Every structure is written in structure tokens, then in C-alpha cells.
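Read the structure below first, then the notes.
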There are 2 protein chains.
Amino acid sequence: MSQKAKTTIKDVARRAGCGIATASRVLNNSGPASADVRKRVEKAASDLGFSFSAAGRALQSRRSMTVGCLVPSLANPVFAEAVQGIQEVLSGTGYQLLISCSNYDGAADNQAIETLLAKDVDGLIVTMVAPDRSAALRLAKARNLPVSLMFHDPIDGLPSAHVDNFEAARDVARQFAALGHQRTAFLSLRFASSDRSRNRYAGFHAECRALGLCDPALIELTEAEAHTPEKLAQILAQLDRATAIFASNDFLAIAVQKAARLIGWRVPDDLSVVGFDGIEIGRLLDVPLATIETAPEAMGRQAAETLLKMTQGIAAPQTPPLPYHFRTGATLARPGPKIHDDDQVAPWPPSVLSLKTDLKQG
Amino acid sequence: MSQKAKTTIKDVARRAGCGIATASRVLNNSGPASADVRKRVEKAASDLGFSFSAAGRALQSRRSMTVGCLVPSLANPVFAEAVQGIQEVLSGTGYQLLISCSNYDGAADNQAIETLLAKDVDGLIVTMVAPDRSAALRLAKARNLPVSLMFHDPIDGLPSAHVDNFEAARDVARQFAALGHQRTAFLSLRFASSDRSRNRYAGFHAECRALGLCDPALIELTEAEAHTPEKLAQILAQLDRATAIFASNDFLAIAVQKAARLIGWRVPDDLSVVGFDGIEIGRLLDVPLATIETAPEAMGRQAAETLLKMTQGIAAPQTPPLPYHFRTGATLARPGPKIHDDDQVAPWPPSVLSLKTDLKQG
DNA sequence: GTACCGTTTGGAAACGTTTCCAATCTCAAC
DNA sequence: GTTGAGATTGGAAACGTTTCCAAACGGTAC
């Protein structure tokens, strides 16, 4: 029953009564062959159920026809959708996708790229903690391996499929300002390991300042806090003078609303909330979520297309940032009565819980 | 600048002044070597930044150290999380994950497996449209390749990491019945290409009947209908005598609520809604979603663990279905006044929109 | 000094391809 | 019947490993 022995091109050649070289030429359509032998080889191949060995090919051609992809986590739908986009572009090109997750760990990160390199990938599509500081990524560049980033601002000459987080965040500040909010906060997960969050905060902060709002409070949540409404509610309670919160992703924005309900705040009357990413569920909610709408799948597609060009030797074109769109929603309104008895601007933020990393210069 | 030439073990051997075989033994710790030569080889390798060529290794050892994974789509968080689970188990084992998406297409499906096989994967983790009818999957079995399923009921002797959709769906029927619902409907996407949906419907149907409820109406939605609340609302309106809807996933359950609002129905007063999957956002909603909670990540982990065992030659243990859990929520209540002026049971369902595939036998 | 045993060592084959190049074949023109 | 051009063909090398096996070496016991 164990029909283990894979059939090789040698078997095909023998059965067709020709040389290996000829069989190879026929099967690849890569050289001359008489109609006669051509037919024999094709028959033999199909009789034997022959298929090429990727290993043999890779060794000989020095191309693995494989693209490596590193993302922080597939449990985050944003990255999952991006990978789906990559898939769509790659499928049909003959390239296969080798995938790896870092779980937001800056060391695992680098290690994963090394592993991918060792697999002889023909290209790399990467979102990592600190692409500018990755030794493995530098090595890839030194080897002239095509590399395409996702979600990051372009770095180091590497093309990146991304949205301009800084600019998008400024939009949010403008929306808050237009409605009359003064005191705001920025909520984020893993501030230290996400340049996206940092850029969003930087843009938000810069625009708040430019528009004369108080500097936003910066709150970095632990995983546990984000997923436990009660804990999140405690944190929110300490921000009782904030009237508007910018959450660095939609999931957080939804969690914030739950937490707000727990301490008796109404959204948007007592607290306005804006998210980031634009996941579809946000639109379907009872109280539709205001957010920055992005297109992660398009990012994946763009990154893959850029990479394909590079593998063909076409110089990596730096693509402009992808468009984003402020989607308004019922979570956004003028500041309500919660603070209306206090019209004098007090020192703020009351407590910056943590700010572990330098911010991008606005 | 183009330091293209990858260093091979031959380079290392030359620099260390020893034979290739010796270098290989040292680097793999696979045989004897004097302390002296060992040190020289290690130094040479690190000086040269040597790393093994996966292609060479794969060719010689006939193992690619690669696992292929096929899922319908990564845009569905359920599958994305499962893949994340696989990743977690695989990382550190030396195996890499080659990923492929079928987009719910039963032909692409089979094709994708063939491609994966051609890549010489050492194992396969699969969720597909019709695993029992896939020629490529049969081929894999014939080649003695370890195969592990996800989400499917075990088929054909292949182990599968799954939940018992049939049983879980019966739970939902019981909940509806306990609250006094009589007329229900089952909403699904891609009924034809998802045995999960079919099994859920079958279980739901069987238990409704067993408990004396009306047979549930079966509604298969197109992608467009599911994502356009207005269209969904029209469909819902035709079901105006249903008091409870079982949606075959949480996204759909949330969309149904939006659609219900559009036609002035309140949830749960006018309509009870139960989902499936148990995505976390459901818990955080203003009206927490009643649903069957499952653990896709655990399914991925289990599938990967089973596969690893098989690659080690351990006989594939058929694992029992993973646990699920009925999570109640505010979308579930006794039937409200919408039908209270009609206490005589009329023929039902009024319109079964489509039922394209045989149902699993209850 | 010789014989023997155990430890290290490296040459060479094999894995499945592709491709270079020389050999063979076909056929027309002389 | 030769010759040469052009079309086919297949042997062999190369890709980077691992591993078999025989050779070389180091030391001990006689």
C-alpha cells in the first residue's frame, strides 16, 4: 500500500524511451522535441502521475519559488486580511507563501526572518517590530533579496505598502476639535512594539497641539486590560475629564465602549470614541463606530505586487501611501454635560501611564 | 555590493581546512570530530555567515521540513486564528508553514493541494469544500503523507480537529424551545461549500423537529446580501413570522441585528438571534451576542500536534471533538408581541430559498 | 618493532533537476 | 555518394547536502 517511491523525471524518460534531457525539455516546453517523442513523454508523465520535485528544481535553479511573509499575528484580522491579499496576488504566479508570526516579539521577529532566509525564499514581505534595527533584514538586503514592507512607513529604501498613520491621526484630532473637545486620550496596545501606534499618537498629539487642544493623555494597555472590560473601566474612570478617546484600533474602541457603560458613561454623550482600521463589524453595530477606514487587503496586494516586480528585476518603485478615509459614526458627538460644569482648563494629562519609546518627529 | 554568492558548506570546509563530510558532521553534530577541527569549522562557519541551504538539504533528505496548510480564506477570522494556532505549535519544531487559500472554491481547492504536494510538503493541514471528494487529497493519502483536517467531521480515516457542529446546533434549538419559540430560521452563507453550515443546519433542524417546533426556514445568503444591511432587511421582512434566527456565524448574527433595526424590529423583543463561533467582539457589544463559543486557535493547535505525531510515525490518534460552549446573551429572549396575536400554527416555513445539498443524516 | 583496535577523516555517491554541448540524424543540394 | 545545414537527442556536469565506507591516524599491548 505504501506507494512511497515518488516518480522522477528519470522514470518518465525511461518509460518514454528517451533521455532525461529530452523529457525535461518536453515537460518544460523549453526546447526542441519531435512531435513523436513529445507525445511519448507526455503520455509517460501522465501514466506515472509525474510531478516535478520542487527540491530538485530549487537546487538546480537557485530559486525556491517561495515568498516568505512575517507578520506579528494572524489573530489580528488586519494582518490576516493583508496576508489574504498577498495570497490573492501570488496565486497563479507559481510562488508559494511561507508564513511566520512573531507575536509582537522583537527578538522572535529577527529570528523568524533568519529562518525564512535559510529556506531560500525568493522574496520577503514583512511587518515587524523594528524593521530599521533588524540585522536579519539587513542581511537580506545585502544578499540583494527583494524585500517589501507592509504597514510601516518606508524605511531604508525599502518599499512599503502602508497608510500614512501620522496624517490619518491628525484627521481624528481635527474631528474632535471641530466638535469642541478639549481633553482627549489616546489608547493603545503594545506601544513599544508598534510603530503604527506610535505614529498615530504622534500625529494625534501634533494636531491636538496645533489646534490648541490639551495634549492627549497616552494610555498603554496590557493585553489583559484590553480584554477585561472591568479593568479597562478602572482605567477609564481615572480619565474622567476626557471627553474623547482615540483608540489605536477598532477592537479597542469597541472594548472602550463596553468599559464606559460599566461606569455609567454614555457614548457619545459622555464620551466620544474613534477607532482605527475600519473593520466591517464597526459599521453594523447598533452605534456605528467612527473610525479611520483602511484597506489591509489592499496593502497585502500592493506589497505582493511590488515584490513580484522586484523579483523580475524591476527597480522597486516606492508606492505612495494607500488612501484612508475617516468614517464618521454615532460614537462621535459634541462633548456632553459630563464636564460642562468645569470650563477652566486644568493641567492635563493627569497621568501619562507610560511612554516607553521615542516618538516620531512631527 | 551584490554579495550574491551564498556561502556553501564547501566554502566552510575549505576555510577550515577539512573535508566537506567533516564540516557537515560538525555543523550537524552528527558524528565524531576532534575538538580541534570542530573549533576550526565553527569559526569558519561563523566568519562566513554560513547557513544551510534548505534546497540542498531537502533534496538529499527527502524532507522539506515544510507543512502545507489550506484554508478557505484568511479574511475569515475563524480560519486566521486556526492558522495562528498551527503557527504556535510549529514554531520551534523546525517546520515551516506553507499557506494557501481556496476562497471557498471547490476546484481551486483541489488544485491548491496539488501545488502543495508538488512542493514536497511533509504534511498537510486542510479545511476544504469537499474533503471526501478531493482527488488530490486521496493522492496525498496514497503517498502516505500525513494529513490532518480542521473543522470537518473526521472523514475517511483522516483525523480532524473540530467541534461537533451537529450537536452544538441542537443546543441552539433547545434554547429557542425553552424560551417558547415556535418559528425559527437558519441563515447561512455558502451552504453548498461548507459542511460546517450544513451540519449546523442539520442538527438545528433535527432538534427543532424532535422538540415539536416548526421546521426552521433555511435561508442561504449571497455575499452581497450578507454585507448589505438593506438587502438583508428585505429578506428578513419576508420571515416576519419567525421569532428566532440562528445565524451560522457571528458576523452574520450581527448583520442580522442591523437589518432588523432597519425594518423596525427590536432584538431581542421582536427577534431573538444566536450566532456561531464566539468571536470576542460579540461579548463586548452593547447587546452581547448569544452564540456558540468555539476555540479556532485550539483547533489549529490540535491539528498541528496531531500532524507532528504522524510525521514521527506515530499512528494518527483520532481526537475527540473539541468542546464548545453556549454563551448566552442579550440577543435571546422569549418571543415578543410581534406574533402574539396569532396563536395558531400556520404552515411553515413560508419559503425555503434554497437547499442545494444533501443534509447529513441526523 | 609489530600487530591490533578505536577514533577521525575525507572521497564519492546519491538526491531530482536543468542546461551545456557534442553527437546523431534527416534531408536537400551538389 | 558526399557534404553540409539544421533539427533532435542524450551524456554529463552542476546545484548543496548527507552518509557510506574505506583510509589514515593514534595509541596500547605484546
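In the C-alpha cells, chains take the letters A, B, ... in the order shown, each chain's residues start at 1, and ligands count up from 1 in the order shown.
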Take chain A, lay it over chain B with a least-squares fit on all the Cα atoms in order, then hand it over as a short mmCIF file (atom, residue, chain, number, x, y, z; two decimals) with C-alpha atoms, in the first residue's frame.
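New file superposed-v4.cif:
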```cif
data_model
loop_
_atom_site.label_atom_id
_atom_site.label_comp_id
_atom_site.auth_asym_id
_atom_site.auth_seq_id
_atom_site.Cartn_x
_atom_site.Cartn_y
_atom_site.Cartn_z
CA MET A 1 27.68 45.44 -3.55
CA SER A 2 25.89 42.38 -4.84
CA GLN A 3 27.33 39.82 -2.52
CA LYS A 4 25.23 37.28 -4.31
CA ALA A 5 27.22 34.13 -3.89
CA LYS A 6 25.75 32.28 -0.97
CA THR A 7 28.39 30.51 1.02
CA THR A 8 28.07 26.77 0.94
CA ILE A 9 29.34 24.10 3.20
CA LYS A 10 32.13 23.60 0.70
CA ASP A 11 33.40 27.10 1.43
CA VAL A 12 33.28 26.40 5.11
CA ALA A 13 35.22 23.16 4.69
CA ARG A 14 37.87 24.83 2.57
CA ARG A 15 38.33 27.64 5.03
CA ALA A 16 38.50 25.24 7.96
CA GLY A 17 40.93 23.09 6.02
CA CYS A 18 38.89 19.94 6.24
CA GLY A 19 36.64 17.77 4.14
CA ILE A 20 33.03 18.53 3.38
CA ALA A 21 31.90 15.45 5.25
CA THR A 22 33.66 16.58 8.37
CA ALA A 23 32.21 20.04 8.18
CA SER A 24 28.77 18.57 7.79
CA ARG A 25 29.26 16.35 10.80
CA VAL A 26 30.41 19.22 12.95
CA LEU A 27 27.68 21.59 11.90
CA ASN A 28 25.01 18.97 12.43
CA ASN A 29 26.57 17.38 15.46
CA SER A 30 25.96 14.16 13.65
CA GLY A 31 29.24 12.36 14.06
CA PRO A 32 32.70 12.33 15.58
CA ALA A 33 35.13 15.20 15.18
CA SER A 34 38.19 16.23 17.09
CA ALA A 35 37.90 19.25 19.32
CA ASP A 36 40.41 20.96 17.08
CA VAL A 37 38.65 20.61 13.77
CA ARG A 38 35.36 21.25 15.47
CA LYS A 39 36.55 24.64 16.57
CA ARG A 40 37.96 25.48 13.17
CA VAL A 41 34.77 24.56 11.40
CA GLU A 42 32.62 26.54 13.78
CA LYS A 43 34.82 29.57 13.37
CA ALA A 44 34.81 29.29 9.63
CA ALA A 45 31.05 28.95 9.56
CA SER A 46 30.49 31.98 11.69
CA ASP A 47 33.12 34.03 9.83
CA LEU A 48 31.43 33.27 6.57
CA GLY A 49 27.93 33.70 7.94
CA PHE A 50 27.15 30.26 6.71
CA SER A 51 23.67 28.81 6.81
CA PHE A 52 22.46 25.61 5.25
CA SER A 53 20.64 25.61 1.99
CA ALA A 54 17.18 24.26 2.56
CA ALA A 55 17.03 23.13 -1.04
CA GLY A 56 20.15 21.02 -0.81
CA ARG A 57 18.98 19.51 2.41
CA ALA A 58 15.50 18.83 1.17
CA LEU A 59 16.82 17.12 -1.90
CA GLN A 60 19.17 14.88 -0.02
CA SER A 61 16.97 14.07 2.94
CA ARG A 62 13.73 13.87 1.04
CA ARG A 63 12.07 15.99 3.71
CA SER A 64 11.25 19.61 3.06
CA MET A 65 10.60 20.47 6.72
CA THR A 66 7.57 22.23 5.43
CA VAL A 67 3.90 21.75 6.24
CA GLY A 68 1.20 22.79 3.80
CA CYS A 69 -1.98 24.39 5.01
CA LEU A 70 -5.13 25.02 3.02
CA VAL A 71 -8.01 27.08 4.38
CA PRO A 72 -10.92 28.74 2.60
CA SER A 73 -9.90 32.29 3.46
CA LEU A 74 -7.83 34.24 5.91
CA ALA A 75 -10.33 37.07 5.77
CA ASN A 76 -12.50 34.89 7.97
CA PRO A 77 -11.07 35.34 11.47
CA VAL A 78 -12.02 31.81 12.40
CA PHE A 79 -9.59 30.37 9.91
CA ALA A 80 -7.00 33.04 10.56
CA GLU A 81 -7.01 32.15 14.25
CA ALA A 82 -6.72 28.49 13.44
CA VAL A 83 -3.66 29.17 11.34
CA GLN A 84 -2.25 31.23 14.16
CA GLY A 85 -2.70 28.19 16.38
CA ILE A 86 -0.87 26.02 13.89
CA GLN A 87 1.95 28.54 13.81
CA GLU A 88 2.32 28.47 17.55
CA VAL A 89 2.75 24.74 17.61
CA LEU A 90 5.02 24.58 14.60
CA SER A 91 7.33 27.36 15.65
CA GLY A 92 10.37 25.87 17.22
CA THR A 93 9.89 22.45 15.66
CA GLY A 94 11.85 23.38 12.57
CA TYR A 95 8.80 23.06 10.36
CA GLN A 96 7.67 25.98 8.26
CA LEU A 97 4.14 26.73 7.17
CA LEU A 98 3.23 26.97 3.52
CA ILE A 99 -0.18 28.51 3.19
CA SER A 100 -2.85 28.54 0.55
CA CYS A 101 -6.42 29.83 0.31
CA SER A 102 -9.18 28.41 -1.83
CA ASN A 103 -11.67 31.26 -1.46
CA TYR A 104 -14.32 28.62 -0.90
CA ASP A 105 -13.86 27.32 -4.41
CA GLY A 106 -14.06 23.55 -4.68
CA ALA A 107 -11.87 23.41 -7.75
CA ALA A 108 -9.21 25.86 -6.59
CA ASP A 109 -9.26 23.76 -3.54
CA ASN A 110 -8.07 20.60 -5.19
CA GLN A 111 -5.63 22.48 -7.33
CA ALA A 112 -4.09 24.10 -4.27
CA ILE A 113 -3.42 20.74 -2.69
CA GLU A 114 -1.75 19.54 -5.83
CA THR A 115 0.51 22.55 -5.76
CA LEU A 116 1.31 21.93 -2.13
CA LEU A 117 2.12 18.31 -2.90
CA ALA A 118 4.40 19.39 -5.70
CA LYS A 119 6.26 21.46 -3.13
CA ASP A 120 7.10 18.24 -1.35
CA VAL A 121 5.40 19.22 1.89
CA ASP A 122 5.94 16.80 4.73
CA GLY A 123 2.35 17.07 5.87
CA LEU A 124 -0.95 18.74 5.15
CA ILE A 125 -3.46 20.56 7.35
CA VAL A 126 -6.63 21.12 5.45
CA THR A 127 -10.06 22.68 5.51
CA MET A 128 -11.69 22.37 2.15
CA VAL A 129 -15.02 22.36 0.38
CA ALA A 130 -15.36 18.62 -0.04
CA PRO A 131 -12.52 16.70 1.53
CA ASP A 132 -14.29 13.43 0.84
CA ARG A 133 -14.28 14.06 -2.87
CA SER A 134 -10.84 15.51 -3.39
CA ALA A 135 -8.67 13.54 -5.77
CA ALA A 136 -5.59 15.40 -4.63
CA LEU A 137 -6.29 14.52 -1.02
CA ARG A 138 -6.63 10.86 -1.98
CA LEU A 139 -3.32 11.10 -3.73
CA ALA A 140 -1.76 12.48 -0.60
CA LYS A 141 -3.11 9.58 1.37
CA ALA A 142 -1.85 7.12 -1.21
CA ARG A 143 1.58 8.62 -0.82
CA ASN A 144 1.37 8.06 2.90
CA LEU A 145 1.62 11.75 3.54
CA PRO A 146 0.39 12.79 6.97
CA VAL A 147 -2.87 14.69 6.63
CA SER A 148 -4.81 16.37 9.36
CA LEU A 149 -8.15 18.11 8.90
CA MET A 150 -9.61 21.13 10.64
CA PHE A 151 -13.27 22.01 11.19
CA HIS A 152 -14.53 18.94 9.35
CA ASP A 153 -16.05 15.90 10.91
CA PRO A 154 -13.45 13.12 10.66
CA ILE A 155 -13.59 11.60 7.22
CA ASP A 156 -12.09 8.64 5.57
CA GLY A 157 -9.86 7.78 8.49
CA LEU A 158 -8.32 11.24 8.50
CA PRO A 159 -8.08 12.80 11.95
CA SER A 160 -9.78 16.15 12.32
CA ALA A 161 -9.64 18.92 14.86
CA HIS A 162 -13.22 20.01 15.04
CA VAL A 163 -16.26 20.77 17.13
CA ASP A 164 -19.41 18.76 16.77
CA ASN A 165 -21.45 21.22 14.76
CA PHE A 166 -24.46 18.99 14.74
CA GLU A 167 -24.63 18.71 18.50
CA ALA A 168 -23.86 22.35 19.07
CA ALA A 169 -26.70 23.35 16.77
CA ARG A 170 -29.06 21.12 18.72
CA ASP A 171 -28.21 23.17 21.78
CA VAL A 172 -29.39 26.26 19.99
CA ALA A 173 -32.70 24.64 19.14
CA ARG A 174 -33.12 23.67 22.78
CA GLN A 175 -32.51 27.22 23.90
CA PHE A 176 -35.09 28.54 21.48
CA ALA A 177 -37.58 25.91 22.55
CA ALA A 178 -37.05 26.55 26.24
CA LEU A 179 -37.97 30.17 25.69
CA GLY A 180 -41.10 29.26 23.78
CA HIS A 181 -40.10 30.00 20.21
CA GLN A 182 -41.99 28.11 17.55
CA ARG A 183 -40.91 29.52 14.24
CA THR A 184 -37.25 29.83 13.54
CA ALA A 185 -34.91 30.32 10.65
CA PHE A 186 -31.35 29.34 9.87
CA LEU A 187 -29.21 31.82 7.99
CA SER A 188 -26.07 30.81 6.23
CA LEU A 189 -23.53 31.86 3.68
CA ARG A 190 -22.19 29.35 1.14
CA PHE A 191 -24.28 26.47 2.28
CA ALA A 192 -23.09 24.39 -0.64
CA SER A 193 -19.43 24.76 0.10
CA SER A 194 -19.45 24.47 3.87
CA ASP A 195 -20.13 21.18 5.56
CA ARG A 196 -19.98 23.13 8.81
CA SER A 197 -23.05 25.13 7.87
CA ARG A 198 -24.79 22.04 6.62
CA ASN A 199 -24.12 20.15 9.81
CA ARG A 200 -25.27 23.06 11.88
CA TYR A 201 -28.47 23.25 9.94
CA ALA A 202 -28.98 19.52 10.13
CA GLY A 203 -28.56 19.49 13.89
CA PHE A 204 -30.77 22.52 14.31
CA HIS A 205 -33.41 21.05 12.07
CA ALA A 206 -33.33 17.67 13.75
CA GLU A 207 -33.69 19.09 17.23
CA CYS A 208 -36.41 21.56 16.26
CA ARG A 209 -38.36 18.65 14.94
CA ALA A 210 -37.65 16.50 17.96
CA LEU A 211 -38.91 19.25 20.22
CA GLY A 212 -42.03 19.86 18.21
CA LEU A 213 -41.07 23.25 16.76
CA CYS A 214 -41.84 24.14 13.19
CA ASP A 215 -39.16 23.15 10.75
CA PRO A 216 -36.72 26.04 10.51
CA ALA A 217 -36.66 28.07 7.35
CA LEU A 218 -33.34 27.76 5.59
CA ILE A 219 -31.98 30.93 4.03
CA GLU A 220 -28.81 30.93 2.04
CA LEU A 221 -27.42 34.41 1.58
CA THR A 222 -25.17 35.68 -1.13
CA GLU A 223 -22.04 37.52 -0.14
CA ALA A 224 -23.67 40.77 -1.25
CA GLU A 225 -26.78 40.18 0.81
CA ALA A 226 -24.79 39.43 3.92
CA HIS A 227 -22.76 42.60 3.61
CA THR A 228 -25.59 44.94 2.64
CA PRO A 229 -27.94 45.52 5.55
CA GLU A 230 -30.69 46.84 3.28
CA LYS A 231 -30.75 43.66 1.23
CA LEU A 232 -30.62 41.55 4.32
CA ALA A 233 -33.52 43.54 5.75
CA GLN A 234 -35.66 42.69 2.73
CA ILE A 235 -35.02 39.03 3.26
CA LEU A 236 -35.74 39.30 6.93
CA ALA A 237 -39.02 41.06 6.21
CA GLN A 238 -40.23 37.99 4.34
CA LEU A 239 -39.65 35.98 7.48
CA ASP A 240 -41.93 38.15 9.52
CA ARG A 241 -43.38 35.26 11.46
CA ALA A 242 -40.06 33.93 12.64
CA THR A 243 -39.24 34.87 16.20
CA ALA A 244 -35.75 33.43 16.40
CA ILE A 245 -32.86 33.25 14.01
CA PHE A 246 -29.83 31.04 14.16
CA ALA A 247 -27.04 32.56 12.09
CA SER A 248 -24.27 30.24 11.06
CA ASN A 249 -21.61 32.66 12.21
CA ASP A 250 -21.30 35.67 14.47
CA PHE A 251 -20.68 38.18 11.75
CA LEU A 252 -23.97 37.20 10.16
CA ALA A 253 -25.67 37.38 13.55
CA ILE A 254 -24.50 40.94 13.98
CA ALA A 255 -25.51 41.85 10.45
CA VAL A 256 -28.96 40.40 11.10
CA GLN A 257 -29.41 42.74 14.04
CA LYS A 258 -28.55 45.72 11.91
CA ALA A 259 -31.02 44.58 9.28
CA ALA A 260 -33.68 44.00 11.93
CA ARG A 261 -33.29 47.56 13.18
CA LEU A 262 -33.79 48.79 9.64
CA ILE A 263 -37.26 47.28 9.50
CA GLY A 264 -38.14 48.37 12.98
CA TRP A 265 -37.71 45.10 14.81
CA ARG A 266 -36.14 45.14 18.21
CA VAL A 267 -33.67 42.50 19.33
CA PRO A 268 -34.46 40.49 21.36
CA ASP A 269 -38.05 41.65 21.88
CA ASP A 270 -39.20 41.05 18.33
CA LEU A 271 -36.47 38.70 17.25
CA SER A 272 -33.99 36.52 19.07
CA VAL A 273 -30.64 35.98 17.42
CA VAL A 274 -27.97 33.41 18.08
CA GLY A 275 -24.65 33.21 16.29
CA PHE A 276 -21.87 30.70 15.99
CA ASP A 277 -18.10 30.85 16.64
CA GLY A 278 -17.94 33.08 19.68
CA ILE A 279 -15.77 35.91 18.41
CA GLU A 280 -14.69 38.14 21.23
CA ILE A 281 -16.29 41.30 19.98
CA GLY A 282 -19.64 39.63 20.50
CA ARG A 283 -19.10 39.79 24.25
CA LEU A 284 -18.26 43.47 24.22
CA LEU A 285 -21.29 44.66 22.35
CA ASP A 286 -23.95 46.82 23.84
CA VAL A 287 -26.28 43.91 23.36
CA PRO A 288 -23.99 40.95 23.97
CA LEU A 289 -24.45 38.29 21.36
CA ALA A 290 -25.72 34.85 22.27
CA THR A 291 -23.62 32.34 20.42
CA ILE A 292 -21.87 29.02 20.40
CA GLU A 293 -18.39 29.69 21.63
CA THR A 294 -15.65 27.71 19.94
CA ALA A 295 -11.88 27.92 20.02
CA PRO A 296 -10.49 28.07 16.50
CA GLU A 297 -6.96 28.61 17.72
CA ALA A 298 -7.18 25.43 19.75
CA MET A 299 -8.34 23.64 16.65
CA GLY A 300 -5.29 24.79 14.79
CA ARG A 301 -3.08 23.72 17.64
CA GLN A 302 -4.66 20.32 17.87
CA ALA A 303 -4.43 19.76 14.14
CA ALA A 304 -0.77 20.70 14.17
CA GLU A 305 0.01 18.48 17.14
CA THR A 306 -1.70 15.55 15.54
CA LEU A 307 0.20 16.16 12.36
CA LEU A 308 3.52 16.32 14.15
CA LYS A 309 2.81 12.98 15.73
CA MET A 310 2.05 11.52 12.37
CA THR A 311 5.27 12.78 10.89
CA GLN A 312 7.03 10.96 13.67
CA GLY A 313 5.35 7.78 12.58
CA ILE A 314 2.97 7.67 15.50
CA ALA A 315 -0.37 6.35 14.38
CA ALA A 316 -2.83 9.18 13.92
CA PRO A 317 -4.97 9.22 17.01
CA GLN A 318 -8.49 10.34 16.23
CA THR A 319 -9.03 13.10 18.73
CA PRO A 320 -12.46 13.65 20.25
CA PRO A 321 -14.31 16.77 19.15
CA LEU A 322 -13.18 19.90 20.94
CA PRO A 323 -15.54 21.40 23.48
CA TYR A 324 -17.91 24.22 22.64
CA HIS A 325 -20.00 26.28 24.94
CA PHE A 326 -23.31 28.01 24.62
CA ARG A 327 -22.74 31.60 25.62
CA THR A 328 -26.01 33.26 26.37
CA GLY A 329 -26.54 36.92 25.70
CA ALA A 330 -28.95 39.77 25.45
CA THR A 331 -29.95 38.84 21.92
CA LEU A 332 -32.00 35.98 23.28
CA ALA A 333 -35.40 36.26 24.95
CA ARG A 334 -38.96 34.88 24.93
CA PRO A 335 -40.86 35.58 21.74
CA GLY A 336 -42.37 39.04 21.96
CA PRO A 337 -45.61 40.62 20.87
CA LYS A 338 -44.75 40.59 17.20
CA ILE A 339 -46.62 37.33 16.79
CA HIS A 340 -48.74 37.17 19.90
CA ASP A 341 -51.94 37.83 18.01
CA ASP A 342 -51.50 34.65 16.04
CA ASP A 343 -51.56 31.57 18.15
CA GLN A 344 -52.37 29.01 15.54
CA VAL A 345 -49.48 27.34 13.87
CA ALA A 346 -49.59 27.91 10.16
CA PRO A 347 -47.63 26.08 7.48
CA TRP A 348 -43.97 26.90 7.75
CA PRO A 349 -41.44 27.64 6.42
CA PRO A 350 -43.05 30.05 3.97
CA SER A 351 -40.17 29.92 1.60
CA VAL A 352 -37.08 27.86 1.63
CA LEU A 353 -34.90 29.96 -0.56
CA SER A 354 -32.45 27.30 -1.46
CA LEU A 355 -31.13 24.01 -0.30
CA LYS A 356 -28.58 22.89 -2.76
CA THR A 357 -26.98 19.97 -1.03
CA ASP A 358 -27.94 16.81 0.73
CA LEU A 359 -27.99 17.14 4.44
CA LYS A 360 -26.10 15.04 6.82
CA GLN A 361 -28.28 12.33 8.25
CA GLY A 362 -29.34 13.24 11.74
#
```
_Set the distance at 12 Å and use only C-alpha atoms (C1' of nucleotides): which residues neighbour DT3 (chain D) once local chain neighbours fewer than 3 positions away are removed? I'd like the list as number ranges by chain._
C: 27-30
Counting only C-alpha atoms (C1' of nucleotides), chain C residues within 8 Å of chain A, as a PDB file with N, CA and C atoms (P, O5', C5', C4', C3', O3' and C1' of nucleotides), in the first residue's frame:
```
ATOM      1  P    DC C  15      19.448   7.992  -5.844  1.00  0.00           P
ATOM      2  O5'  DC C  15      18.642   9.281  -5.384  1.00  0.00           O
ATOM      3  C5'  DC C  15      18.332   9.520  -4.030  1.00  0.00           C
ATOM      4  C4'  DC C  15      18.022  10.984  -3.873  1.00  0.00           C
ATOM      5  C3'  DC C  15      17.371  11.596  -5.115  1.00  0.00           C
ATOM      6  O3'  DC C  15      15.956  11.536  -4.975  1.00  0.00           O
ATOM      7  C1'  DC C  15      19.039  13.035  -4.134  1.00  0.00           C
ATOM      8  P    DG C  16      15.066  11.084  -6.264  1.00  0.00           P
ATOM      9  O5'  DG C  16      14.926  12.428  -7.100  1.00  0.00           O
ATOM     10  C5'  DG C  16      14.221  13.513  -6.520  1.00  0.00           C
ATOM     11  C4'  DG C  16      14.279  14.695  -7.455  1.00  0.00           C
ATOM     12  C3'  DG C  16      13.844  14.372  -8.886  1.00  0.00           C
ATOM     13  O3'  DG C  16      12.965  15.398  -9.300  1.00  0.00           O
ATOM     14  C1'  DG C  16      15.996  15.350  -8.893  1.00  0.00           C
ATOM     15  P    DT C  17      12.228  15.399 -10.684  1.00  0.00           P
ATOM     16  O5'  DT C  17      12.559  16.837 -11.241  1.00  0.00           O
ATOM     17  C5'  DT C  17      13.689  17.023 -12.011  1.00  0.00           C
ATOM     18  C4'  DT C  17      14.237  18.388 -11.764  1.00  0.00           C
ATOM     19  C3'  DT C  17      14.545  19.121 -13.039  1.00  0.00           C
ATOM     20  O3'  DT C  17      13.638  20.179 -13.213  1.00  0.00           O
ATOM     21  C1'  DT C  17      16.515  18.898 -11.667  1.00  0.00           C
ATOM     22  P    DT C  18      13.442  20.768 -14.677  1.00  0.00           P
ATOM     23  O5'  DT C  18      14.846  21.463 -14.963  1.00  0.00           O
ATOM     24  C5'  DT C  18      15.196  22.643 -14.231  1.00  0.00           C
ATOM     25  C4'  DT C  18      16.550  23.127 -14.704  1.00  0.00           C
ATOM     26  C3'  DT C  18      16.592  23.541 -16.174  1.00  0.00           C
ATOM     27  O3'  DT C  18      17.318  24.763 -16.221  1.00  0.00           O
ATOM     28  C1'  DT C  18      18.264  21.928 -15.745  1.00  0.00           C
TER      29       DT C  18
END
```
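Separating C1' of DC21 (chain D) from C1' of DG6 (chain C) is a distance of 15.9 Å.
The gap separating C1' of DC20 (chain C) from C1' of DT18 (chain D) is 27.4 Å, in Å to one decimal.
Here C1' of DA13 (chain C) is placed at a distance of 21.6 Å from C1' of DG10 (chain D).
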